[in-house]
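Working notes, structure below.
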Amino acid sequence: VALGTQPSQIALDHLGLKHRLVSHCGLADEHVQCEATAALKRLAEQVSLGLMRKQTFTRGLETIVKSIREDETRGLSEIMEELEFLDSAARDLIRDEAEIEQKLKAGLAQIEAAERTAEAARAMVLTDRLTELPNRIAFMNRLEDLYDRDSAPFGTAMLLVDIDNFKEI
(Lines give C-alpha, C1' and ligand atoms only; values in the text may rest on other atoms or scores of the structure.)
Protein backbone atom coordinates (compact mmCIF):
# COMPACT_ATOMS: atom_id res chain seq x y z
CA VAL A 1 0.00 0.00 0.00
CA ALA A 2 2.86 2.37 0.84
CA LEU A 3 4.25 1.92 -2.68
CA GLY A 4 1.07 3.15 -4.34
CA THR A 5 -0.87 1.69 -7.24
CA GLN A 6 2.03 1.72 -9.69
CA PRO A 7 5.30 1.25 -7.79
CA SER A 8 8.56 1.87 -9.60
CA GLN A 9 10.83 -1.04 -10.44
CA ILE A 10 13.49 0.45 -8.18
CA ALA A 11 11.12 0.38 -5.20
CA LEU A 12 10.16 -3.22 -5.96
CA ASP A 13 13.81 -4.22 -6.33
CA HIS A 14 14.61 -2.56 -3.02
CA LEU A 15 11.83 -4.54 -1.28
CA GLY A 16 12.91 -7.76 -2.95
CA LEU A 17 16.50 -7.32 -1.81
CA LYS A 18 15.53 -6.14 1.67
CA HIS A 19 13.31 -9.13 2.34
CA ARG A 20 15.38 -11.56 0.24
CA LEU A 21 12.47 -12.72 -1.79
CA VAL A 22 13.43 -15.81 -3.74
CA SER A 23 11.40 -14.79 -6.77
CA HIS A 24 13.18 -11.43 -6.85
CA CYS A 25 16.38 -13.11 -7.98
CA GLY A 26 14.61 -14.43 -11.07
CA LEU A 27 13.09 -11.02 -11.76
CA ALA A 28 16.51 -9.41 -11.37
CA ASP A 29 17.91 -11.85 -13.94
CA GLU A 30 15.09 -11.05 -16.36
CA HIS A 31 15.66 -7.33 -15.80
CA VAL A 32 19.40 -7.73 -16.49
CA GLN A 33 18.69 -9.68 -19.68
CA CYS A 34 16.20 -7.05 -20.87
CA GLU A 35 18.66 -4.23 -20.14
CA ALA A 36 21.48 -6.09 -21.88
CA THR A 37 19.33 -6.80 -24.92
CA ALA A 38 18.20 -3.18 -25.16
CA ALA A 39 21.77 -1.91 -24.77
CA LEU A 40 23.03 -4.31 -27.45
CA LYS A 41 20.26 -3.23 -29.83
CA ARG A 42 21.19 0.43 -29.33
CA LEU A 43 24.85 -0.37 -29.89
CA ALA A 44 24.07 -2.39 -33.02
CA GLU A 45 22.11 0.57 -34.42
CA GLN A 46 25.05 2.90 -33.75
CA VAL A 47 27.53 0.53 -35.42
CA SER A 48 25.17 0.10 -38.39
CA LEU A 49 24.85 3.87 -38.74
CA GLY A 50 28.65 4.22 -38.60
CA LEU A 51 29.08 1.60 -41.33
CA MET A 52 26.52 3.35 -43.51
CA ARG A 53 28.40 6.64 -43.13
CA LYS A 54 31.69 4.95 -44.03
CA GLN A 55 30.11 3.44 -47.14
CA THR A 56 28.77 6.86 -48.13
CA PHE A 57 32.22 8.39 -47.64
CA THR A 58 33.82 5.61 -49.71
CA ARG A 59 31.35 6.13 -52.56
CA GLY A 60 32.01 9.88 -52.48
CA LEU A 61 35.76 9.26 -52.56
CA GLU A 62 35.41 6.86 -55.49
CA THR A 63 33.25 9.39 -57.38
CA ILE A 64 35.79 12.18 -56.88
CA VAL A 65 38.74 9.99 -57.91
CA LYS A 66 36.84 8.85 -61.01
CA SER A 67 35.95 12.41 -61.98
CA ILE A 68 39.57 13.54 -61.56
CA ARG A 69 40.84 10.68 -63.74
CA GLU A 70 38.24 11.25 -66.45
CA ASP A 71 38.50 15.03 -66.63
CA GLU A 72 42.15 16.04 -66.86
CA THR A 73 41.26 19.62 -67.67
CA ARG A 74 40.00 20.32 -64.17
CA GLY A 75 41.56 23.22 -62.42
CA LEU A 76 43.50 23.11 -59.21
CA SER A 77 40.79 25.07 -57.42
CA GLU A 78 38.14 22.45 -58.30
CA ILE A 79 40.38 19.64 -57.06
CA MET A 80 41.10 21.59 -53.85
CA GLU A 81 37.36 22.05 -53.25
CA GLU A 82 36.82 18.31 -53.60
CA LEU A 83 39.75 17.58 -51.28
CA GLU A 84 38.32 20.00 -48.71
CA PHE A 85 34.99 18.18 -48.98
CA LEU A 86 36.75 14.85 -48.39
CA ASP A 87 38.66 16.33 -45.46
CA SER A 88 35.42 17.55 -43.89
CA ALA A 89 33.74 14.19 -44.46
CA ALA A 90 36.72 12.34 -42.96
CA ARG A 91 36.59 14.55 -39.85
CA ASP A 92 32.89 13.78 -39.51
CA LEU A 93 33.65 10.07 -39.75
CA ILE A 94 36.30 10.31 -37.05
CA ARG A 95 33.92 12.25 -34.79
CA ASP A 96 31.19 9.66 -35.39
CA GLU A 97 33.60 6.81 -34.62
CA ALA A 98 34.62 8.47 -31.36
CA GLU A 99 30.94 8.87 -30.46
CA ILE A 100 30.25 5.21 -31.25
CA GLU A 101 33.23 4.21 -29.10
CA GLN A 102 31.87 6.22 -26.16
CA LYS A 103 28.42 4.70 -26.58
CA LEU A 104 29.91 1.20 -26.75
CA LYS A 105 31.83 1.80 -23.53
CA ALA A 106 28.76 3.26 -21.81
CA GLY A 107 26.59 0.35 -22.97
CA LEU A 108 29.09 -2.21 -21.75
CA ALA A 109 29.36 -0.42 -18.42
CA GLN A 110 25.57 -0.47 -18.14
CA ILE A 111 25.45 -4.20 -18.85
CA GLU A 112 28.23 -4.91 -16.35
CA ALA A 113 26.49 -2.84 -13.66
CA ALA A 114 23.23 -4.70 -14.23
CA GLU A 115 25.05 -8.03 -14.01
CA ARG A 116 26.69 -6.99 -10.73
CA THR A 117 23.29 -5.98 -9.35
CA ALA A 118 21.76 -9.32 -10.32
CA GLU A 119 24.72 -11.21 -8.85
CA ALA A 120 24.36 -9.28 -5.59
CA ALA A 121 20.65 -10.14 -5.52
CA ARG A 122 21.43 -13.83 -6.07
CA ALA A 123 24.07 -13.77 -3.34
CA MET A 124 21.66 -12.13 -0.90
CA VAL A 125 18.99 -14.72 -1.62
CA LEU A 126 21.44 -17.55 -0.93
CA THR A 127 22.87 -16.32 2.39
CA ASP A 128 21.50 -16.20 5.91
CA ARG A 129 21.21 -12.65 7.25
CA LEU A 130 22.33 -13.50 10.76
CA THR A 131 25.27 -15.84 10.10
CA GLU A 132 26.06 -14.81 6.53
CA LEU A 133 26.44 -18.52 5.79
CA PRO A 134 24.73 -20.27 2.87
CA ASN A 135 21.03 -20.80 3.62
CA ARG A 136 18.65 -23.65 2.86
CA ILE A 137 18.13 -22.51 -0.74
CA ALA A 138 21.89 -22.57 -1.34
CA PHE A 139 22.07 -25.99 0.33
CA MET A 140 19.33 -27.39 -1.92
CA ASN A 141 20.97 -25.88 -5.01
CA ARG A 142 24.28 -27.49 -4.05
CA LEU A 143 22.61 -30.89 -3.52
CA GLU A 144 20.92 -30.61 -6.91
CA ASP A 145 24.26 -29.77 -8.51
CA LEU A 146 25.89 -32.79 -6.88
CA TYR A 147 23.22 -35.28 -7.85
CA ASP A 148 22.33 -33.92 -11.29
CA ARG A 149 25.73 -34.91 -12.65
CA ASP A 150 26.15 -38.00 -14.81
CA SER A 151 28.59 -39.54 -12.36
CA ALA A 152 28.08 -40.28 -8.67
CA PRO A 153 29.24 -37.53 -6.28
CA PHE A 154 32.36 -39.27 -4.96
CA GLY A 155 34.50 -37.39 -2.48
CA THR A 156 31.59 -35.60 -0.88
CA ALA A 157 30.11 -35.93 2.57
CA MET A 158 27.28 -34.30 4.42
CA LEU A 159 27.52 -33.35 8.07
CA LEU A 160 24.43 -32.24 9.94
CA VAL A 161 24.83 -30.46 13.27
CA ASP A 162 22.02 -29.59 15.64
CA ILE A 163 22.95 -26.92 18.11
CA ASP A 164 20.56 -26.47 21.03
CA ASN A 165 19.54 -22.89 21.74
CA PHE A 166 21.34 -21.63 18.62
CA LYS A 167 19.63 -18.25 18.81
CA GLU A 168 21.45 -17.55 22.09
CA ILE A 169 24.79 -17.95 20.34
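Here's how to read the names in the C-alpha coordinates: chain A, B, ... by the order shown, residue numbers from 1 in each chain, ligand numbers from 1 in the order shown.
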
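Near Ala123 of chain A, within 10 Å and counting only C-alpha atoms, sit Arg20, Cys25, Thr117, Ala118, Glu119, Ala120, Leu126, Thr127, Asp128, Pro134 and Ala138 of chain A; same-chain residues fewer than 3 positions away were not included.
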
Taking 2 positions as the minimum chain separation for residues in the same chain, which residues sit within 12 Å of segment 72-86 of chain A when counting only C-alpha atoms? Answer as an MDAnalysis selection string. chainID A and resid 54 56:70 88:93

Students should find that atom CA of Leu104 of chain A and atom CA of Leu43 of chain A are spaced 6.2 Å

Separation of atom CA of Leu108 of chain A from atom CA of Ala38 of chain A in Å: 11.5 Å

Which of chain A DSSP labels helix (DSSP H, G or I), written as number ranges by chain: A: 9-18, 22-70, 76-125, 136-147, 166-168
